[in-house]
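Engineer: First the structure, then my questions, so here it is.
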Amino acid sequence: MSGTDGCTPLRRTVEGMRIVIAGGHGQIALRLERLLAGRGDEVAGIIRRPEQAGDLLAAGAEPVVCDLEHASLAEVAQHLEGADAAVFAAGAGPGSGVGRKQTVDHAAAVLFADAAERAGVRRFVVVSAMGADREPSADTDPVFAAYLRAKGAADADVRARSALDWTILRPGRLTDDPGTDLVTLAESTGRAEVTRQDVAAVLAALLDEPGTAGRTLELIGGTTPIAEAVRAAAAR
């Protein structure tokens, strides 16, 4: 153990690109970890609770117990040392209140970006939310409105950083249906569903496509194969 928050150090397990994922026990993150580990990358997932470690190990990822709501910048940066890319996929999750939208969806994202800069990790991908750039309407549920504002503030912070090759991905309504490998990926897509498996596959493809740096992209189900959709997004 190291640090006051109980962060446990990473152990290198697989040769290849090293990717550190914040929110490593999330539904999208676990799918992404399986994809990345399956293609030979070294994957580490940051989690809050030690009991989540087994799920990450089963997905082929190295679990790192580190509470981003309480960790220091130095502690988080330590876990990003030597990484080739970082993915922020953390979220306060359903059932959390307004306060945790701020401490996780905003403050933890900013901390993770700060840590990536300190560790010299340029490639930085964020899982955000549709509508995060707009002020929620007056009839929006207060907790969901706080979530959108927190995501929007975090995205704005990341987009202002010249030291990061960032890409922000904003999926539509998430489903647990099987992946289709067919999507629509663009700056504006309109609202529709997308499977969590396809979101994970798009994230994996984005990590391989530096031409999408500096882009904020929306994602829904569609008719274009994922590899082709990511190439097209990079070319625009």
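In the structure tokens, chains take the letters A, B, ... in the order shown, each chain's residues start at 1, and ligands count up from 1 in the order shown.
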Got a sec: who's within 7 Å of region 70-74 of chain A, counting only C-alpha atoms, leaving out chain neighbours fewer than 4 positions off, as a list in words?

Structural biologist: Asp5, Cys66, Gln78, Leu111 and Ala115 of chain A

Engineer: List every residue of region 168-219 of chain A that DSSP, applied to the backbone of this structure, assigns to helix (DSSP H, G or I), and report them as a list in words.

Structural biologist: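 Those in region 168-219 of chain A that DSSP calls helix (DSSP H, G or I) are Arg196, Gln197, Asp198, Val199, Ala200, Ala201, Val202, Leu203, Ala204, Ala205, Leu206, Leu207, Pro210, Gly211 and Thr212 of chain A.
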
Engineer: For Ala59 (chain A), list every protein, DNA or RNA residue within 9 Å, evaluated using only C-alpha atoms, and leave out those in the same chain fewer than 4 positions away; present the list as a PDB file with all heavy atoms, in the first residue's frame.

Structural biologist:
ATOM      1  N   LEU A  30     -15.149  -2.185 -18.037  1.00  0.00           N
ATOM      2  CA  LEU A  30     -14.864  -3.623 -18.024  1.00  0.00           C
ATOM      3  C   LEU A  30     -14.860  -4.198 -19.434  1.00  0.00           C
ATOM      4  O   LEU A  30     -14.027  -5.036 -19.781  1.00  0.00           O
ATOM      5  CB  LEU A  30     -15.885  -4.348 -17.152  1.00  0.00           C
ATOM      6  CG  LEU A  30     -15.707  -4.190 -15.633  1.00  0.00           C
ATOM      7  CD1 LEU A  30     -16.923  -4.724 -14.895  1.00  0.00           C
ATOM      8  CD2 LEU A  30     -14.435  -4.898 -15.157  1.00  0.00           C
ATOM      9  N   ARG A  31     -15.791  -3.742 -20.262  1.00  0.00           N
ATOM     10  CA  ARG A  31     -15.815  -4.194 -21.657  1.00  0.00           C
ATOM     11  C   ARG A  31     -14.559  -3.727 -22.401  1.00  0.00           C
ATOM     12  O   ARG A  31     -13.968  -4.466 -23.182  1.00  0.00           O
ATOM     13  CB  ARG A  31     -17.077  -3.680 -22.345  1.00  0.00           C
ATOM     14  CG  ARG A  31     -18.365  -4.361 -21.875  1.00  0.00           C
ATOM     15  CD  ARG A  31     -19.584  -3.618 -22.416  1.00  0.00           C
ATOM     16  NE  ARG A  31     -20.825  -4.349 -22.242  1.00  0.00           N
ATOM     17  CZ  ARG A  31     -21.573  -4.344 -21.133  1.00  0.00           C
ATOM     18  NH1 ARG A  31     -21.174  -3.629 -20.088  1.00  0.00           N
ATOM     19  NH2 ARG A  31     -22.700  -5.034 -21.069  1.00  0.00           N
ATOM     20  N   LEU A  32     -14.168  -2.481 -22.144  1.00  0.00           N
ATOM     21  CA  LEU A  32     -12.970  -1.947 -22.786  1.00  0.00           C
ATOM     22  C   LEU A  32     -11.731  -2.713 -22.344  1.00  0.00           C
ATOM     23  O   LEU A  32     -10.839  -3.010 -23.154  1.00  0.00           O
ATOM     24  CB  LEU A  32     -12.831  -0.459 -22.463  1.00  0.00           C
ATOM     25  CG  LEU A  32     -11.574   0.241 -22.976  1.00  0.00           C
ATOM     26  CD1 LEU A  32     -11.474   0.151 -24.490  1.00  0.00           C
ATOM     27  CD2 LEU A  32     -11.568   1.704 -22.525  1.00  0.00           C
ATOM     28  N   GLU A  33     -11.659  -3.024 -21.067  1.00  0.00           N
ATOM     29  CA  GLU A  33     -10.502  -3.774 -20.557  1.00  0.00           C
ATOM     30  C   GLU A  33     -10.386  -5.129 -21.240  1.00  0.00           C
ATOM     31  O   GLU A  33      -9.275  -5.558 -21.603  1.00  0.00           O
ATOM     32  CB  GLU A  33     -10.642  -3.928 -19.033  1.00  0.00           C
ATOM     33  CG  GLU A  33     -10.381  -2.632 -18.287  1.00  0.00           C
ATOM     34  CD  GLU A  33     -11.047  -2.549 -16.935  1.00  0.00           C
ATOM     35  OE1 GLU A  33     -11.663  -3.538 -16.496  1.00  0.00           O
ATOM     36  OE2 GLU A  33     -10.958  -1.477 -16.303  1.00  0.00           O
ATOM     37  N   ARG A  34     -11.508  -5.804 -21.434  1.00  0.00           N
ATOM     38  CA  ARG A  34     -11.467  -7.104 -22.126  1.00  0.00           C
ATOM     39  C   ARG A  34     -10.943  -6.949 -23.554  1.00  0.00           C
ATOM     40  O   ARG A  34     -10.136  -7.755 -24.021  1.00  0.00           O
ATOM     41  CB  ARG A  34     -12.856  -7.739 -22.136  1.00  0.00           C
ATOM     42  CG  ARG A  34     -13.351  -8.192 -20.776  1.00  0.00           C
ATOM     43  CD  ARG A  34     -14.653  -8.967 -20.884  1.00  0.00           C
ATOM     44  NE  ARG A  34     -15.234  -9.168 -19.566  1.00  0.00           N
ATOM     45  CZ  ARG A  34     -16.195  -8.405 -19.052  1.00  0.00           C
ATOM     46  NH1 ARG A  34     -16.683  -7.393 -19.747  1.00  0.00           N
ATOM     47  NH2 ARG A  34     -16.655  -8.647 -17.843  1.00  0.00           N
ATOM     48  N   LEU A  35     -11.420  -5.918 -24.240  1.00  0.00           N
ATOM     49  CA  LEU A  35     -10.986  -5.697 -25.621  1.00  0.00           C
ATOM     50  C   LEU A  35      -9.492  -5.387 -25.686  1.00  0.00           C
ATOM     51  O   LEU A  35      -8.768  -5.943 -26.527  1.00  0.00           O
ATOM     52  CB  LEU A  35     -11.776  -4.549 -26.242  1.00  0.00           C
ATOM     53  CG  LEU A  35     -13.255  -4.807 -26.529  1.00  0.00           C
ATOM     54  CD1 LEU A  35     -13.925  -3.516 -26.984  1.00  0.00           C
ATOM     55  CD2 LEU A  35     -13.420  -5.892 -27.584  1.00  0.00           C
ATOM     56  N   ALA A  37      -7.082  -5.946 -23.391  1.00  0.00           N
ATOM     57  CA  ALA A  37      -6.262  -7.084 -22.961  1.00  0.00           C
ATOM     58  C   ALA A  37      -6.256  -8.169 -24.034  1.00  0.00           C
ATOM     59  O   ALA A  37      -5.226  -8.809 -24.281  1.00  0.00           O
ATOM     60  CB  ALA A  37      -6.792  -7.636 -21.645  1.00  0.00           C
ATOM     61  N   GLY A  38      -7.387  -8.348 -24.706  1.00  0.00           N
ATOM     62  CA  GLY A  38      -7.484  -9.366 -25.733  1.00  0.00           C
ATOM     63  C   GLY A  38      -6.601  -9.105 -26.931  1.00  0.00           C
ATOM     64  O   GLY A  38      -6.200 -10.045 -27.629  1.00  0.00           O
ATOM     65  N   GLY A  54     -11.430  -8.610  -8.422  1.00  0.00           N
ATOM     66  CA  GLY A  54     -11.599  -9.866  -9.131  1.00  0.00           C
ATOM     67  C   GLY A  54     -12.228  -9.703 -10.500  1.00  0.00           C
ATOM     68  O   GLY A  54     -11.852 -10.406 -11.453  1.00  0.00           O
ATOM     69  N   ASP A  55     -13.171  -8.767 -10.616  1.00  0.00           N
ATOM     70  CA  ASP A  55     -13.808  -8.536 -11.916  1.00  0.00           C
ATOM     71  C   ASP A  55     -12.804  -7.985 -12.922  1.00  0.00           C
ATOM     72  O   ASP A  55     -12.856  -8.314 -14.112  1.00  0.00           O
ATOM     73  CB  ASP A  55     -14.986  -7.580 -11.766  1.00  0.00           C
ATOM     74  CG  ASP A  55     -16.153  -8.201 -10.998  1.00  0.00           C
ATOM     75  OD1 ASP A  55     -16.272  -9.436 -10.998  1.00  0.00           O
ATOM     76  OD2 ASP A  55     -16.945  -7.444 -10.402  1.00  0.00           O
TER      77      ASP A  55
END

Engineer: Taking only residues of region 34-147 of chain A that have an atom at most 9 Å from an atom of region 151-174 of chain A, what is each one's shortest atom pair and its distance in Å to one decimal, using only C-alpha atoms, in chain and number order, as JSON lines?

Structural biologist:
{"residue": "A:Lys101", "atom": "CA", "partner": "A:Lys151", "partner_atom": "CA", "distance": 8.4}
{"residue": "A:Gln102", "atom": "CA", "partner": "A:Lys151", "partner_atom": "CA", "distance": 8.7}
{"residue": "A:Asp105", "atom": "CA", "partner": "A:Lys151", "partner_atom": "CA", "distance": 5.8}
{"residue": "A:His106", "atom": "CA", "partner": "A:Ala154", "partner_atom": "CA", "distance": 4.8}
{"residue": "A:Ala107", "atom": "CA", "partner": "A:Ala154", "partner_atom": "CA", "distance": 7.4}
{"residue": "A:Ala108", "atom": "CA", "partner": "A:Ala154", "partner_atom": "CA", "distance": 8.8}
{"residue": "A:Ala109", "atom": "CA", "partner": "A:Ala154", "partner_atom": "CA", "distance": 6.1}
{"residue": "A:Val110", "atom": "CA", "partner": "A:Ala154", "partner_atom": "CA", "distance": 6.2}
{"residue": "A:Ala113", "atom": "CA", "partner": "A:Val158", "partner_atom": "CA", "distance": 6.9}
{"residue": "A:Ala116", "atom": "CA", "partner": "A:Leu164", "partner_atom": "CA", "distance": 8.0}
{"residue": "A:Glu117", "atom": "CA", "partner": "A:Ala163", "partner_atom": "CA", "distance": 6.4}
{"residue": "A:Gly120", "atom": "CA", "partner": "A:Ala163", "partner_atom": "CA", "distance": 8.4}
{"residue": "A:Val121", "atom": "CA", "partner": "A:Leu164", "partner_atom": "CA", "distance": 7.4}
{"residue": "A:Arg122", "atom": "CA", "partner": "A:Leu164", "partner_atom": "CA", "distance": 4.5}
{"residue": "A:Arg123", "atom": "CA", "partner": "A:Asp165", "partner_atom": "CA", "distance": 4.8}
{"residue": "A:Phe124", "atom": "CA", "partner": "A:Trp166", "partner_atom": "CA", "distance": 4.6}
{"residue": "A:Val125", "atom": "CA", "partner": "A:Thr167", "partner_atom": "CA", "distance": 4.9}
{"residue": "A:Val126", "atom": "CA", "partner": "A:Ile168", "partner_atom": "CA", "distance": 4.8}
{"residue": "A:Val127", "atom": "CA", "partner": "A:Leu169", "partner_atom": "CA", "distance": 5.1}
{"residue": "A:Ser128", "atom": "CA", "partner": "A:Arg170", "partner_atom": "CA", "distance": 4.8}
{"residue": "A:Ala129", "atom": "CA", "partner": "A:Arg170", "partner_atom": "CA", "distance": 4.5}
{"residue": "A:Met130", "atom": "CA", "partner": "A:Arg170", "partner_atom": "CA", "distance": 5.2}
{"residue": "A:Gly131", "atom": "CA", "partner": "A:Gly152", "partner_atom": "CA", "distance": 8.2}
{"residue": "A:Ala132", "atom": "CA", "partner": "A:Gly152", "partner_atom": "CA", "distance": 4.4}
{"residue": "A:Asp133", "atom": "CA", "partner": "A:Gly152", "partner_atom": "CA", "distance": 5.3}
{"residue": "A:Arg134", "atom": "CA", "partner": "A:Gly152", "partner_atom": "CA", "distance": 7.8}
{"residue": "A:Ala146", "atom": "CA", "partner": "A:Lys151", "partner_atom": "CA", "distance": 8.6}
{"residue": "A:Tyr147", "atom": "CA", "partner": "A:Lys151", "partner_atom": "CA", "distance": 6.1}

Engineer: Export N, CA and C atoms of the chosen residues as a short mmCIF file (atom, residue, chain, number, x, y, z; two decimals), in the first residue's frame?

Structural biologist:
data_model
loop_
_atom_site.label_atom_id
_atom_site.label_comp_id
_atom_site.auth_asym_id
_atom_site.auth_seq_id
_atom_site.Cartn_x
_atom_site.Cartn_y
_atom_site.Cartn_z
N LYS A 101 -21.78 14.19 -8.03
CA LYS A 101 -21.60 14.55 -9.44
C LYS A 101 -20.44 15.53 -9.55
N GLN A 102 -20.33 16.42 -8.58
CA GLN A 102 -19.25 17.39 -8.60
C GLN A 102 -17.91 16.76 -8.27
N ASP A 105 -17.67 13.31 -11.28
CA ASP A 105 -17.79 13.61 -12.71
C ASP A 105 -17.02 14.86 -13.11
N HIS A 106 -16.82 15.78 -12.18
CA HIS A 106 -16.02 16.97 -12.50
C HIS A 106 -14.63 16.90 -11.86
N ALA A 107 -14.58 16.93 -10.52
CA ALA A 107 -13.29 17.09 -9.84
C ALA A 107 -12.35 15.92 -10.11
N ALA A 108 -12.87 14.69 -10.12
CA ALA A 108 -11.99 13.54 -10.38
C ALA A 108 -11.46 13.56 -11.81
N ALA A 109 -12.29 14.01 -12.75
CA ALA A 109 -11.82 14.12 -14.14
C ALA A 109 -10.69 15.13 -14.25
N VAL A 110 -10.83 16.25 -13.57
CA VAL A 110 -9.78 17.28 -13.58
C VAL A 110 -8.51 16.75 -12.93
N ALA A 113 -6.79 14.38 -15.30
CA ALA A 113 -6.12 15.13 -16.36
C ALA A 113 -4.84 15.78 -15.84
N ALA A 116 -2.30 13.06 -15.56
CA ALA A 116 -1.77 12.67 -16.87
C ALA A 116 -0.71 13.66 -17.33
N GLU A 117 -0.99 14.94 -17.17
CA GLU A 117 0.00 15.95 -17.54
C GLU A 117 1.29 15.77 -16.74
N GLY A 120 3.27 12.91 -17.94
CA GLY A 120 3.69 12.98 -19.34
C GLY A 120 2.89 12.09 -20.27
N VAL A 121 1.66 11.79 -19.90
CA VAL A 121 0.78 10.96 -20.74
C VAL A 121 -0.06 11.89 -21.62
N ARG A 122 0.22 11.93 -22.89
CA ARG A 122 -0.48 12.88 -23.77
C ARG A 122 -1.85 12.38 -24.21
N ARG A 123 -1.96 11.10 -24.58
CA ARG A 123 -3.23 10.62 -25.14
C ARG A 123 -4.24 10.45 -24.01
N PHE A 124 -5.36 11.15 -24.13
CA PHE A 124 -6.32 11.24 -23.02
C PHE A 124 -7.72 11.21 -23.60
N VAL A 125 -8.47 10.17 -23.28
CA VAL A 125 -9.81 9.99 -23.82
C VAL A 125 -10.82 10.05 -22.68
N VAL A 126 -11.89 10.79 -22.88
CA VAL A 126 -12.91 11.00 -21.86
C VAL A 126 -14.24 10.43 -22.34
N VAL A 127 -14.92 9.68 -21.46
CA VAL A 127 -16.30 9.27 -21.72
C VAL A 127 -17.20 10.32 -21.07
N SER A 128 -17.90 11.08 -21.89
CA SER A 128 -18.72 12.18 -21.40
C SER A 128 -20.20 11.86 -21.62
N ALA A 129 -21.00 12.87 -21.87
CA ALA A 129 -22.44 12.68 -22.02
C ALA A 129 -23.00 13.66 -23.03
N MET A 130 -23.97 13.22 -23.80
CA MET A 130 -24.66 14.14 -24.70
C MET A 130 -25.35 15.24 -23.91
N GLY A 131 -25.32 16.44 -24.43
CA GLY A 131 -25.97 17.56 -23.77
C GLY A 131 -25.11 18.26 -22.75
N ALA A 132 -23.86 17.82 -22.58
CA ALA A 132 -23.01 18.40 -21.54
C ALA A 132 -22.60 19.83 -21.84
N ASP A 133 -22.70 20.27 -23.08
CA ASP A 133 -22.31 21.65 -23.43
C ASP A 133 -23.45 22.64 -23.27
N ARG A 134 -24.65 22.14 -22.97
CA ARG A 134 -25.82 23.04 -22.88
C ARG A 134 -26.34 23.11 -21.46
N ALA A 146 -27.30 18.34 -12.52
CA ALA A 146 -25.99 18.49 -11.90
C ALA A 146 -24.95 17.61 -12.59
N TYR A 147 -25.37 16.42 -13.02
CA TYR A 147 -24.48 15.52 -13.75
C TYR A 147 -24.04 16.16 -15.06
#

Engineer: Step one, run DSSP on the backbone; step two, keep only residues of region 18-62 of chain A assigned to strand (DSSP E or B); then write them as a PDB file with N, CA, C and O atoms, in the first residue's frame.

Structural biologist:
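result_18.pdb, written as the output of this step:
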ATOM      1  N   ARG A  18       0.446   0.562 -22.828  1.00  0.00           N
ATOM      2  CA  ARG A  18      -0.073   0.589 -21.456  1.00  0.00           C
ATOM      3  C   ARG A  18      -1.159   1.651 -21.367  1.00  0.00           C
ATOM      4  O   ARG A  18      -0.929   2.820 -21.705  1.00  0.00           O
ATOM      5  N   ILE A  19      -2.341   1.256 -20.885  1.00  0.00           N
ATOM      6  CA  ILE A  19      -3.492   2.143 -20.819  1.00  0.00           C
ATOM      7  C   ILE A  19      -4.054   2.091 -19.408  1.00  0.00           C
ATOM      8  O   ILE A  19      -4.299   1.003 -18.869  1.00  0.00           O
ATOM      9  N   VAL A  20      -4.247   3.240 -18.799  1.00  0.00           N
ATOM     10  CA  VAL A  20      -4.802   3.331 -17.458  1.00  0.00           C
ATOM     11  C   VAL A  20      -6.216   3.906 -17.563  1.00  0.00           C
ATOM     12  O   VAL A  20      -6.418   4.959 -18.164  1.00  0.00           O
ATOM     13  N   ILE A  21      -7.170   3.200 -16.965  1.00  0.00           N
ATOM     14  CA  ILE A  21      -8.580   3.576 -17.065  1.00  0.00           C
ATOM     15  C   ILE A  21      -9.102   3.964 -15.691  1.00  0.00           C
ATOM     16  O   ILE A  21      -9.090   3.150 -14.757  1.00  0.00           O
ATOM     17  N   ALA A  22      -9.569   5.192 -15.552  1.00  0.00           N
ATOM     18  CA  ALA A  22     -10.238   5.628 -14.322  1.00  0.00           C
ATOM     19  C   ALA A  22     -11.687   5.173 -14.385  1.00  0.00           C
ATOM     20  O   ALA A  22     -12.347   5.295 -15.412  1.00  0.00           O
ATOM     21  N   GLU A  42      -1.434  -3.775 -22.230  1.00  0.00           N
ATOM     22  CA  GLU A  42      -1.379  -3.816 -20.767  1.00  0.00           C
ATOM     23  C   GLU A  42      -2.397  -2.808 -20.249  1.00  0.00           C
ATOM     24  O   GLU A  42      -2.344  -1.629 -20.595  1.00  0.00           O
ATOM     25  N   VAL A  43      -3.315  -3.265 -19.427  1.00  0.00           N
ATOM     26  CA  VAL A  43      -4.420  -2.424 -18.975  1.00  0.00           C
ATOM     27  C   VAL A  43      -4.441  -2.381 -17.459  1.00  0.00           C
ATOM     28  O   VAL A  43      -4.332  -3.416 -16.789  1.00  0.00           O
ATOM     29  N   ALA A  44      -4.589  -1.194 -16.910  1.00  0.00           N
ATOM     30  CA  ALA A  44      -4.777  -1.014 -15.475  1.00  0.00           C
ATOM     31  C   ALA A  44      -6.076  -0.255 -15.259  1.00  0.00           C
ATOM     32  O   ALA A  44      -6.348   0.725 -15.954  1.00  0.00           O
ATOM     33  N   GLY A  45      -6.881  -0.708 -14.323  1.00  0.00           N
ATOM     34  CA  GLY A  45      -8.134  -0.042 -14.016  1.00  0.00           C
ATOM     35  C   GLY A  45      -8.116   0.490 -12.599  1.00  0.00           C
ATOM     36  O   GLY A  45      -7.839  -0.252 -11.645  1.00  0.00           O
ATOM     37  N   ILE A  46      -8.402   1.777 -12.451  1.00  0.00           N
ATOM     38  CA  ILE A  46      -8.461   2.392 -11.128  1.00  0.00           C
ATOM     39  C   ILE A  46      -9.853   2.167 -10.544  1.00  0.00           C
ATOM     40  O   ILE A  46     -10.870   2.499 -11.168  1.00  0.00           O
ATOM     41  N   ILE A  47      -9.895   1.589  -9.341  1.00  0.00           N
ATOM     42  CA  ILE A  47     -11.151   1.273  -8.672  1.00  0.00           C
ATOM     43  C   ILE A  47     -11.129   1.820  -7.243  1.00  0.00           C
ATOM     44  O   ILE A  47     -10.067   2.052  -6.681  1.00  0.00           O
ATOM     45  N   GLU A  62      -5.217  -5.050 -14.666  1.00  0.00           N
ATOM     46  CA  GLU A  62      -4.580  -4.951 -13.362  1.00  0.00           C
ATOM     47  C   GLU A  62      -5.387  -3.982 -12.488  1.00  0.00           C
ATOM     48  O   GLU A  62      -5.561  -2.821 -12.844  1.00  0.00           O
TER      49      GLU A  62
END

Engineer: Find the residue from A:Ala234, A:Gly40, A:Ala192, A:Leu185 that sits nearest to Gly211 (chain A); use only C-alpha atoms when measuring.

Structural biologist: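 Smallest distance to Gly211 (chain A) is found for A:Ala234.
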
Engineer: Of the residues A:Gly179, A:Pro142, A:Gly221, A:Gly214, which is the one nearest to Ala200 (chain A), using only C-alpha atoms?

Structural biologist: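 Nearest to Ala200 (chain A): A:Gly179.
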
Engineer: Using only C-alpha atoms, find the one residue out of A:Met17, A:Val98, A:Ala119, A:Val104 that sits nearest to Phe144 (chain A).

Structural biologist: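 Distance minimum relative to Phe144 (chain A) lands on A:Val98.
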
Engineer: Enter the distance from CA of His79 (chain A) to CA of Leu57 (chain A), in Å, rounded to one decimal.

Structural biologist: 17.1 Å

Engineer: Just the residues within 6 Å of Arg196 (chain A), please, counting only C-alpha atoms, with nothing from its chain fewer than 5 positions along; format it as a PyMOL selection string.

Structural biologist: chain A and resi 28+174-176
